[in-house]
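**Q** Pasting upload-v1.cif below, which is mmCIF, N, CA and C atoms.
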data_data
#
loop_
_atom_site.label_atom_id
_atom_site.label_comp_id
_atom_site.auth_asym_id
_atom_site.auth_seq_id
_atom_site.Cartn_x
_atom_site.Cartn_y
_atom_site.Cartn_z
N MET A 7 22.92 -20.93 -2.44
CA MET A 7 21.81 -21.11 -3.36
C MET A 7 22.28 -20.72 -4.76
N THR A 8 22.04 -21.55 -5.72
CA THR A 8 22.46 -21.27 -7.09
C THR A 8 21.35 -20.55 -7.84
N ASP A 9 21.70 -19.96 -8.96
CA ASP A 9 20.71 -19.27 -9.77
C ASP A 9 19.56 -20.18 -10.18
N GLU A 10 19.85 -21.45 -10.41
CA GLU A 10 18.81 -22.38 -10.86
C GLU A 10 17.80 -22.71 -9.76
N THR A 11 18.20 -22.65 -8.50
CA THR A 11 17.28 -23.01 -7.41
C THR A 11 16.74 -21.79 -6.67
N TYR A 12 17.11 -20.63 -7.09
CA TYR A 12 16.68 -19.39 -6.45
C TYR A 12 15.21 -19.13 -6.81
N CYS A 13 14.34 -19.18 -5.82
CA CYS A 13 12.91 -18.99 -6.07
C CYS A 13 12.57 -17.50 -5.94
N ILE A 14 12.28 -16.90 -7.05
CA ILE A 14 11.98 -15.47 -7.06
C ILE A 14 10.72 -15.18 -6.25
N ALA A 15 9.68 -15.97 -6.43
CA ALA A 15 8.43 -15.74 -5.69
C ALA A 15 8.64 -15.87 -4.18
N GLY A 16 9.38 -16.89 -3.76
CA GLY A 16 9.65 -17.07 -2.33
C GLY A 16 10.43 -15.91 -1.75
N ARG A 17 11.44 -15.45 -2.47
CA ARG A 17 12.23 -14.31 -1.99
C ARG A 17 11.39 -13.05 -1.93
N MET A 18 10.56 -12.83 -2.95
CA MET A 18 9.71 -11.63 -2.97
C MET A 18 8.72 -11.65 -1.80
N ARG A 19 8.14 -12.82 -1.52
CA ARG A 19 7.20 -12.92 -0.39
C ARG A 19 7.89 -12.63 0.93
N MET A 20 9.12 -13.17 1.09
CA MET A 20 9.87 -12.92 2.31
C MET A 20 10.18 -11.43 2.46
N LEU A 21 10.62 -10.80 1.37
CA LEU A 21 10.94 -9.37 1.41
C LEU A 21 9.69 -8.54 1.70
N THR A 22 8.58 -8.94 1.13
CA THR A 22 7.32 -8.24 1.39
C THR A 22 6.97 -8.30 2.87
N ARG A 23 7.12 -9.47 3.48
CA ARG A 23 6.83 -9.60 4.91
C ARG A 23 7.76 -8.72 5.74
N LEU A 24 9.03 -8.69 5.39
CA LEU A 24 10.00 -7.86 6.12
C LEU A 24 9.65 -6.38 6.03
N VAL A 25 9.40 -5.91 4.83
CA VAL A 25 9.10 -4.49 4.62
C VAL A 25 7.77 -4.13 5.27
N THR A 26 6.77 -4.99 5.12
CA THR A 26 5.47 -4.73 5.73
C THR A 26 5.59 -4.64 7.24
N SER A 27 6.36 -5.52 7.83
CA SER A 27 6.57 -5.49 9.28
C SER A 27 7.21 -4.17 9.72
N LEU A 28 8.20 -3.73 8.97
CA LEU A 28 8.88 -2.48 9.28
C LEU A 28 7.90 -1.30 9.22
N TYR A 29 7.10 -1.26 8.18
CA TYR A 29 6.14 -0.16 8.03
C TYR A 29 5.00 -0.28 9.04
N ASN A 30 4.55 -1.51 9.33
CA ASN A 30 3.51 -1.68 10.34
C ASN A 30 3.96 -1.15 11.70
N GLU A 31 5.21 -1.40 12.04
CA GLU A 31 5.74 -0.89 13.32
C GLU A 31 5.65 0.63 13.37
N ALA A 32 5.97 1.28 12.28
CA ALA A 32 5.94 2.74 12.25
C ALA A 32 4.53 3.29 12.41
N PHE A 33 3.55 2.59 11.85
CA PHE A 33 2.17 3.08 11.91
C PHE A 33 1.43 2.61 13.16
N ALA A 34 2.03 1.75 13.95
CA ALA A 34 1.39 1.26 15.17
C ALA A 34 1.01 2.40 16.11
N GLN A 35 1.80 3.46 16.12
CA GLN A 35 1.50 4.60 16.99
C GLN A 35 0.16 5.26 16.65
N GLU A 36 -0.32 5.05 15.42
CA GLU A 36 -1.62 5.58 15.02
C GLU A 36 -2.71 4.51 15.05
N ALA A 37 -2.36 3.32 15.51
CA ALA A 37 -3.29 2.19 15.63
C ALA A 37 -3.88 1.76 14.28
N VAL A 38 -3.04 1.83 13.24
CA VAL A 38 -3.42 1.34 11.92
C VAL A 38 -2.27 0.52 11.36
N THR A 39 -2.60 -0.36 10.43
CA THR A 39 -1.57 -1.10 9.72
C THR A 39 -1.11 -0.26 8.54
N PHE A 40 -0.01 -0.68 7.92
CA PHE A 40 0.46 0.03 6.74
C PHE A 40 -0.59 -0.02 5.63
N ALA A 41 -1.27 -1.16 5.48
CA ALA A 41 -2.30 -1.28 4.45
C ALA A 41 -3.42 -0.27 4.67
N GLN A 42 -3.85 -0.12 5.92
CA GLN A 42 -4.92 0.82 6.24
C GLN A 42 -4.46 2.26 6.05
N ALA A 43 -3.24 2.54 6.49
CA ALA A 43 -2.68 3.89 6.31
C ALA A 43 -2.58 4.22 4.83
N SER A 44 -2.17 3.23 4.03
CA SER A 44 -2.05 3.44 2.58
C SER A 44 -3.40 3.81 1.97
N LEU A 45 -4.44 3.10 2.38
CA LEU A 45 -5.77 3.42 1.86
C LEU A 45 -6.16 4.85 2.21
N LEU A 46 -5.94 5.22 3.45
CA LEU A 46 -6.27 6.60 3.86
C LEU A 46 -5.49 7.61 3.02
N MET A 47 -4.20 7.34 2.82
CA MET A 47 -3.37 8.28 2.06
C MET A 47 -3.74 8.31 0.58
N TYR A 48 -4.21 7.19 0.02
CA TYR A 48 -4.63 7.17 -1.38
C TYR A 48 -5.99 7.82 -1.57
N ILE A 49 -6.88 7.69 -0.60
CA ILE A 49 -8.21 8.27 -0.71
C ILE A 49 -8.16 9.79 -0.50
N PHE A 50 -7.26 10.25 0.35
CA PHE A 50 -7.17 11.67 0.70
C PHE A 50 -7.20 12.58 -0.54
N PRO A 51 -6.32 12.37 -1.53
CA PRO A 51 -6.32 13.29 -2.68
C PRO A 51 -7.38 13.01 -3.74
N GLN A 52 -8.15 11.93 -3.56
CA GLN A 52 -9.17 11.60 -4.57
C GLN A 52 -10.50 11.24 -3.91
N PRO A 53 -11.10 12.21 -3.20
CA PRO A 53 -12.38 11.93 -2.55
C PRO A 53 -13.42 11.46 -3.57
N GLY A 54 -14.18 10.45 -3.17
CA GLY A 54 -15.21 9.91 -4.05
C GLY A 54 -14.73 8.75 -4.91
N VAL A 55 -13.46 8.36 -4.72
CA VAL A 55 -12.95 7.23 -5.50
C VAL A 55 -13.76 5.98 -5.15
N ARG A 56 -13.99 5.16 -6.12
CA ARG A 56 -14.74 3.92 -5.89
C ARG A 56 -13.79 2.81 -5.44
N GLN A 57 -14.33 1.90 -4.64
CA GLN A 57 -13.53 0.78 -4.13
C GLN A 57 -12.88 0.00 -5.27
N THR A 58 -13.63 -0.26 -6.32
CA THR A 58 -13.08 -1.06 -7.42
C THR A 58 -11.93 -0.34 -8.11
N THR A 59 -12.03 0.96 -8.26
CA THR A 59 -10.96 1.76 -8.87
C THR A 59 -9.72 1.72 -7.98
N LEU A 60 -9.93 1.91 -6.69
CA LEU A 60 -8.81 1.90 -5.74
C LEU A 60 -8.15 0.52 -5.69
N ALA A 61 -8.96 -0.52 -5.73
CA ALA A 61 -8.41 -1.89 -5.71
C ALA A 61 -7.52 -2.12 -6.94
N LYS A 62 -7.94 -1.62 -8.09
CA LYS A 62 -7.13 -1.77 -9.31
C LYS A 62 -5.85 -0.95 -9.20
N GLN A 63 -5.95 0.29 -8.72
CA GLN A 63 -4.78 1.15 -8.58
C GLN A 63 -3.73 0.52 -7.69
N LEU A 64 -4.18 -0.10 -6.60
CA LEU A 64 -3.26 -0.64 -5.60
C LEU A 64 -2.98 -2.13 -5.77
N GLN A 65 -3.61 -2.75 -6.77
CA GLN A 65 -3.45 -4.18 -7.00
C GLN A 65 -3.84 -4.99 -5.75
N ILE A 66 -4.98 -4.63 -5.16
CA ILE A 66 -5.50 -5.30 -3.97
C ILE A 66 -6.74 -6.08 -4.35
N GLU A 67 -6.86 -7.30 -3.86
CA GLU A 67 -8.06 -8.08 -4.13
C GLU A 67 -9.26 -7.41 -3.47
N LYS A 68 -10.41 -7.55 -4.13
CA LYS A 68 -11.62 -6.89 -3.65
C LYS A 68 -11.98 -7.26 -2.23
N SER A 69 -11.80 -8.54 -1.86
CA SER A 69 -12.16 -8.97 -0.51
C SER A 69 -11.26 -8.30 0.54
N ALA A 70 -9.98 -8.19 0.26
CA ALA A 70 -9.06 -7.53 1.19
C ALA A 70 -9.39 -6.04 1.29
N MET A 71 -9.69 -5.44 0.16
CA MET A 71 -10.07 -4.02 0.15
C MET A 71 -11.33 -3.81 0.97
N ASN A 72 -12.31 -4.68 0.79
CA ASN A 72 -13.57 -4.56 1.50
C ASN A 72 -13.36 -4.67 3.02
N ARG A 73 -12.51 -5.59 3.45
CA ARG A 73 -12.24 -5.75 4.88
C ARG A 73 -11.65 -4.47 5.47
N ASP A 74 -10.64 -3.92 4.79
CA ASP A 74 -10.01 -2.71 5.31
C ASP A 74 -10.95 -1.51 5.27
N VAL A 75 -11.75 -1.40 4.22
CA VAL A 75 -12.72 -0.31 4.12
C VAL A 75 -13.72 -0.40 5.27
N GLN A 76 -14.21 -1.61 5.56
CA GLN A 76 -15.16 -1.78 6.66
C GLN A 76 -14.53 -1.40 7.99
N LEU A 77 -13.27 -1.77 8.20
CA LEU A 77 -12.59 -1.41 9.45
C LEU A 77 -12.43 0.10 9.56
N LEU A 78 -12.05 0.75 8.48
CA LEU A 78 -11.89 2.20 8.49
C LEU A 78 -13.23 2.89 8.75
N GLN A 79 -14.31 2.31 8.24
CA GLN A 79 -15.64 2.84 8.51
C GLN A 79 -16.02 2.69 9.98
N ARG A 80 -15.78 1.48 10.53
CA ARG A 80 -16.11 1.23 11.94
C ARG A 80 -15.36 2.18 12.88
N ASN A 81 -14.15 2.56 12.49
CA ASN A 81 -13.36 3.47 13.31
C ASN A 81 -13.71 4.94 13.08
N GLY A 82 -14.64 5.18 12.17
CA GLY A 82 -15.12 6.55 11.94
C GLY A 82 -14.20 7.38 11.05
N TRP A 83 -13.35 6.73 10.27
CA TRP A 83 -12.38 7.46 9.44
C TRP A 83 -12.82 7.56 7.99
N LEU A 84 -13.86 6.81 7.62
CA LEU A 84 -14.22 6.70 6.21
C LEU A 84 -15.71 6.49 6.07
N THR A 85 -16.28 7.09 5.03
CA THR A 85 -17.66 6.81 4.67
C THR A 85 -17.64 6.17 3.29
N ASP A 86 -18.59 5.31 3.03
CA ASP A 86 -18.66 4.61 1.75
C ASP A 86 -20.08 4.72 1.24
N ASN A 87 -20.23 5.45 0.16
CA ASN A 87 -21.52 5.61 -0.48
C ASN A 87 -21.44 4.90 -1.82
N ILE A 88 -22.29 3.93 -2.05
CA ILE A 88 -22.23 3.14 -3.29
C ILE A 88 -22.27 4.03 -4.52
N ARG A 89 -23.06 5.06 -4.50
CA ARG A 89 -23.18 5.94 -5.67
C ARG A 89 -22.07 6.99 -5.74
N GLN A 90 -21.61 7.47 -4.58
CA GLN A 90 -20.67 8.58 -4.58
C GLN A 90 -19.23 8.18 -4.30
N GLY A 91 -18.99 6.98 -3.81
CA GLY A 91 -17.63 6.51 -3.57
C GLY A 91 -17.17 6.68 -2.13
N LEU A 92 -15.85 6.61 -1.95
CA LEU A 92 -15.24 6.67 -0.62
C LEU A 92 -14.85 8.09 -0.26
N PHE A 93 -15.16 8.47 0.97
CA PHE A 93 -14.80 9.79 1.47
C PHE A 93 -14.24 9.67 2.88
N LEU A 94 -13.17 10.38 3.15
CA LEU A 94 -12.64 10.42 4.50
C LEU A 94 -13.48 11.37 5.34
N THR A 95 -13.67 11.00 6.59
CA THR A 95 -14.31 11.91 7.54
C THR A 95 -13.25 12.94 7.96
N ASP A 96 -13.66 13.93 8.73
CA ASP A 96 -12.68 14.92 9.23
C ASP A 96 -11.57 14.21 10.01
N GLU A 97 -11.98 13.28 10.88
CA GLU A 97 -11.01 12.52 11.65
C GLU A 97 -10.11 11.68 10.73
N GLY A 98 -10.70 11.11 9.69
CA GLY A 98 -9.95 10.33 8.72
C GLY A 98 -8.93 11.17 7.97
N ARG A 99 -9.31 12.39 7.62
CA ARG A 99 -8.37 13.29 6.92
C ARG A 99 -7.20 13.64 7.83
N GLN A 100 -7.48 13.89 9.09
CA GLN A 100 -6.40 14.21 10.03
C GLN A 100 -5.46 13.01 10.20
N LEU A 101 -6.04 11.82 10.30
CA LEU A 101 -5.24 10.61 10.42
C LEU A 101 -4.40 10.39 9.16
N ALA A 102 -4.99 10.62 8.00
CA ALA A 102 -4.25 10.47 6.74
C ALA A 102 -3.05 11.42 6.70
N LYS A 103 -3.23 12.63 7.18
CA LYS A 103 -2.12 13.60 7.22
C LYS A 103 -1.01 13.13 8.16
N ARG A 104 -1.39 12.62 9.33
CA ARG A 104 -0.38 12.12 10.27
C ARG A 104 0.34 10.90 9.68
N CYS A 105 -0.43 10.03 9.03
CA CYS A 105 0.18 8.85 8.40
C CYS A 105 1.15 9.26 7.30
N HIS A 106 0.79 10.28 6.54
CA HIS A 106 1.68 10.73 5.47
C HIS A 106 3.01 11.23 6.04
N LYS A 107 2.95 11.92 7.17
CA LYS A 107 4.19 12.40 7.80
C LYS A 107 5.06 11.22 8.24
N ILE A 108 4.42 10.21 8.83
CA ILE A 108 5.15 9.02 9.26
C ILE A 108 5.76 8.34 8.04
N TRP A 109 4.96 8.15 7.00
CA TRP A 109 5.43 7.49 5.80
C TRP A 109 6.61 8.24 5.16
N LYS A 110 6.49 9.54 5.10
CA LYS A 110 7.53 10.35 4.45
C LYS A 110 8.88 10.18 5.15
N VAL A 111 8.88 10.25 6.48
CA VAL A 111 10.12 10.08 7.24
C VAL A 111 10.66 8.66 7.09
N LEU A 112 9.79 7.66 7.27
CA LEU A 112 10.22 6.27 7.18
C LEU A 112 10.72 5.93 5.78
N ASN A 113 9.99 6.36 4.77
CA ASN A 113 10.36 6.04 3.40
C ASN A 113 11.74 6.63 3.06
N GLU A 114 11.99 7.84 3.49
CA GLU A 114 13.30 8.46 3.24
C GLU A 114 14.40 7.70 3.98
N GLU A 115 14.11 7.30 5.21
CA GLU A 115 15.08 6.53 5.99
C GLU A 115 15.40 5.19 5.31
N VAL A 116 14.38 4.51 4.86
CA VAL A 116 14.59 3.22 4.19
C VAL A 116 15.36 3.41 2.89
N ARG A 117 15.01 4.43 2.12
CA ARG A 117 15.72 4.72 0.86
C ARG A 117 17.20 4.98 1.15
N THR A 118 17.48 5.74 2.19
CA THR A 118 18.87 6.05 2.56
C THR A 118 19.60 4.79 2.97
N GLN A 119 18.96 3.96 3.80
CA GLN A 119 19.59 2.73 4.26
C GLN A 119 19.85 1.75 3.11
N LEU A 120 18.92 1.67 2.17
CA LEU A 120 19.09 0.77 1.04
C LEU A 120 20.15 1.27 0.07
N GLY A 121 20.20 2.56 -0.12
CA GLY A 121 21.15 3.15 -1.05
C GLY A 121 20.57 3.28 -2.45
N PRO A 122 21.16 4.16 -3.26
CA PRO A 122 20.60 4.44 -4.58
C PRO A 122 20.61 3.24 -5.53
N ASP A 123 21.61 2.38 -5.44
CA ASP A 123 21.65 1.22 -6.34
C ASP A 123 20.50 0.26 -6.07
N ALA A 124 20.23 -0.01 -4.80
CA ALA A 124 19.13 -0.93 -4.47
C ALA A 124 17.78 -0.32 -4.85
N VAL A 125 17.62 0.98 -4.62
CA VAL A 125 16.35 1.64 -4.98
C VAL A 125 16.17 1.62 -6.49
N ALA A 126 17.22 1.90 -7.23
CA ALA A 126 17.14 1.85 -8.70
C ALA A 126 16.84 0.43 -9.17
N GLY A 127 17.46 -0.56 -8.54
CA GLY A 127 17.21 -1.96 -8.88
C GLY A 127 15.77 -2.34 -8.60
N LEU A 128 15.23 -1.85 -7.48
CA LEU A 128 13.83 -2.13 -7.14
C LEU A 128 12.90 -1.52 -8.19
N SER A 129 13.21 -0.31 -8.63
CA SER A 129 12.40 0.35 -9.67
C SER A 129 12.44 -0.45 -10.97
N THR A 130 13.62 -0.91 -11.34
CA THR A 130 13.77 -1.71 -12.55
C THR A 130 12.99 -3.01 -12.44
N LEU A 131 13.14 -3.69 -11.31
CA LEU A 131 12.42 -4.94 -11.07
C LEU A 131 10.92 -4.71 -11.15
N SER A 132 10.44 -3.67 -10.51
CA SER A 132 9.02 -3.35 -10.52
C SER A 132 8.51 -3.11 -11.94
N ASP A 133 9.25 -2.32 -12.70
CA ASP A 133 8.86 -2.03 -14.09
C ASP A 133 8.81 -3.31 -14.92
N GLN A 134 9.82 -4.14 -14.77
CA GLN A 134 9.88 -5.38 -15.56
C GLN A 134 8.77 -6.35 -15.18
N LEU A 135 8.52 -6.49 -13.88
CA LEU A 135 7.45 -7.39 -13.45
C LEU A 135 6.08 -6.87 -13.88
N THR A 136 5.90 -5.57 -13.84
CA THR A 136 4.64 -4.98 -14.29
C THR A 136 4.42 -5.26 -15.77
N ARG A 137 5.45 -5.07 -16.57
CA ARG A 137 5.34 -5.38 -18.00
C ARG A 137 5.06 -6.86 -18.23
N LEU A 138 5.75 -7.72 -17.49
CA LEU A 138 5.59 -9.16 -17.63
C LEU A 138 4.15 -9.58 -17.34
N THR A 139 3.57 -9.05 -16.27
CA THR A 139 2.21 -9.44 -15.90
C THR A 139 1.18 -8.85 -16.84
N LYS A 140 1.46 -7.69 -17.43
CA LYS A 140 0.51 -7.08 -18.36
C LYS A 140 0.54 -7.76 -19.72
N THR A 141 1.71 -8.21 -20.13
CA THR A 141 1.81 -8.83 -21.45
C THR A 141 1.60 -10.32 -21.41
N GLY A 142 1.78 -10.92 -20.22
CA GLY A 142 1.60 -12.36 -20.08
C GLY A 142 2.58 -13.14 -20.95
N THR A 143 3.83 -12.70 -20.95
CA THR A 143 4.83 -13.30 -21.85
C THR A 143 5.54 -14.51 -21.26
N THR A 144 5.10 -15.01 -20.12
CA THR A 144 5.72 -16.24 -19.61
C THR A 144 5.24 -17.44 -20.42
N THR A 145 6.05 -18.47 -20.46
CA THR A 145 5.70 -19.64 -21.28
C THR A 145 5.46 -20.88 -20.42
N VAL A 146 4.97 -20.67 -19.21
CA VAL A 146 4.73 -21.79 -18.32
C VAL A 146 3.38 -22.40 -18.61
#
Take the structure in this file and express it as structure tokens.
**A**
Amino acid sequence: MTDETYCIAGRMRMLTRLVTSLYNEAFAQEAVTFAQASLLMYIFPQPGVRQTTLAKQLQIEKSAMNRDVQLLQRNGWLTDNIRQGLFLTDEGRQLAKRCHKIWKVLNEEVRTQLGPDAVAGLSTLSDQLTRLTKTGTTTV
């Protein structure tokens, strides 16, 4: 594949699926997906956060956020009060702690396997793409 035909979006989507699959496998023991575990871990330190705020922080579409929030509620891990925001239940807090332990071990393992150059490159790519999307400097 030459530089001219290399599709950045296609490669990013493929890599996202690979990484998501890896992380989903790790969280399967807790019967949650990586997306659901992430929500629990993000809500844990900020009780009362609103869905819209969390969706912006995580760059998640509102409909996807709503689906996961409803699932977490049905499982008894989360309460959602329109006026007061999202709160983890006692069971939800315990699950968030277990998920954080899983994430910490897995994330360190992945960082080690990728190596410092790939991790630094990923950080650079992330920073540049974030700037690009905020400034809208593409000319398409």
**Q** Of the candidates A:Pro122, A:Glu115, A:Leu78, A:Met71, which shows the shortest atom-to-atom distance to Glu97 in chain A, using only C-alpha atoms?
**A**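 Comparing A:Pro122, A:Glu115, A:Leu78, A:Met71 against Glu97 in chain A, the winner is A:Leu78.
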**Q** Exactly which residues make up the result of the PyMOL selection byres ((chain A and resi 54) around 7) on this file, given as a VMD selection string?
**A** chain A and resid 49 52 to 53 55 to 57 90 to 94
**Q** Using Å and a single decimal, report how far atom C of Arg117 in chain A sits from atom N of Cys13 in chain A.
**A**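 Atom C of Arg117 in chain A lies 25.3 Å from atom N of Cys13 in chain A.
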**Q** If you run DSSP on the backbone here, which positions in range 15-145 of chain A get alpha helix (DSSP H)? Please write them as a ChimeraX atom specification.
**A** /A:15-33,40-49,57-64,68-80,96-120,122-141
**Q** For CA of Phe33 in chain A and CA of Asn113 in chain A, determine how far apart the two atoms are, in Å to one decimal place.
**A**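 Taking CA of Phe33 in chain A as the start and CA of Asn113 in chain A as the end point, the length is 12.2 Å.
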**Q** Extract, using all atoms listed in the file, all DNA, RNA and protein residues at most 8 Å from range 23-26 of chain A, discarding same-chain residues fewer than 5 positions from it, and format them as a list in words.
**A**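 Close residues of range 23-26 of chain A: Arg17, Met18, Glu31, Ala32, Phe40 and Ala41 of chain A.
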**Q** Could you tell me how far atom N of Leu138 in chain A sits from atom N of Gly16 in chain A, in Å to one decimal place?
**A**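 Here the two named atoms are 16.9 Å from each other.
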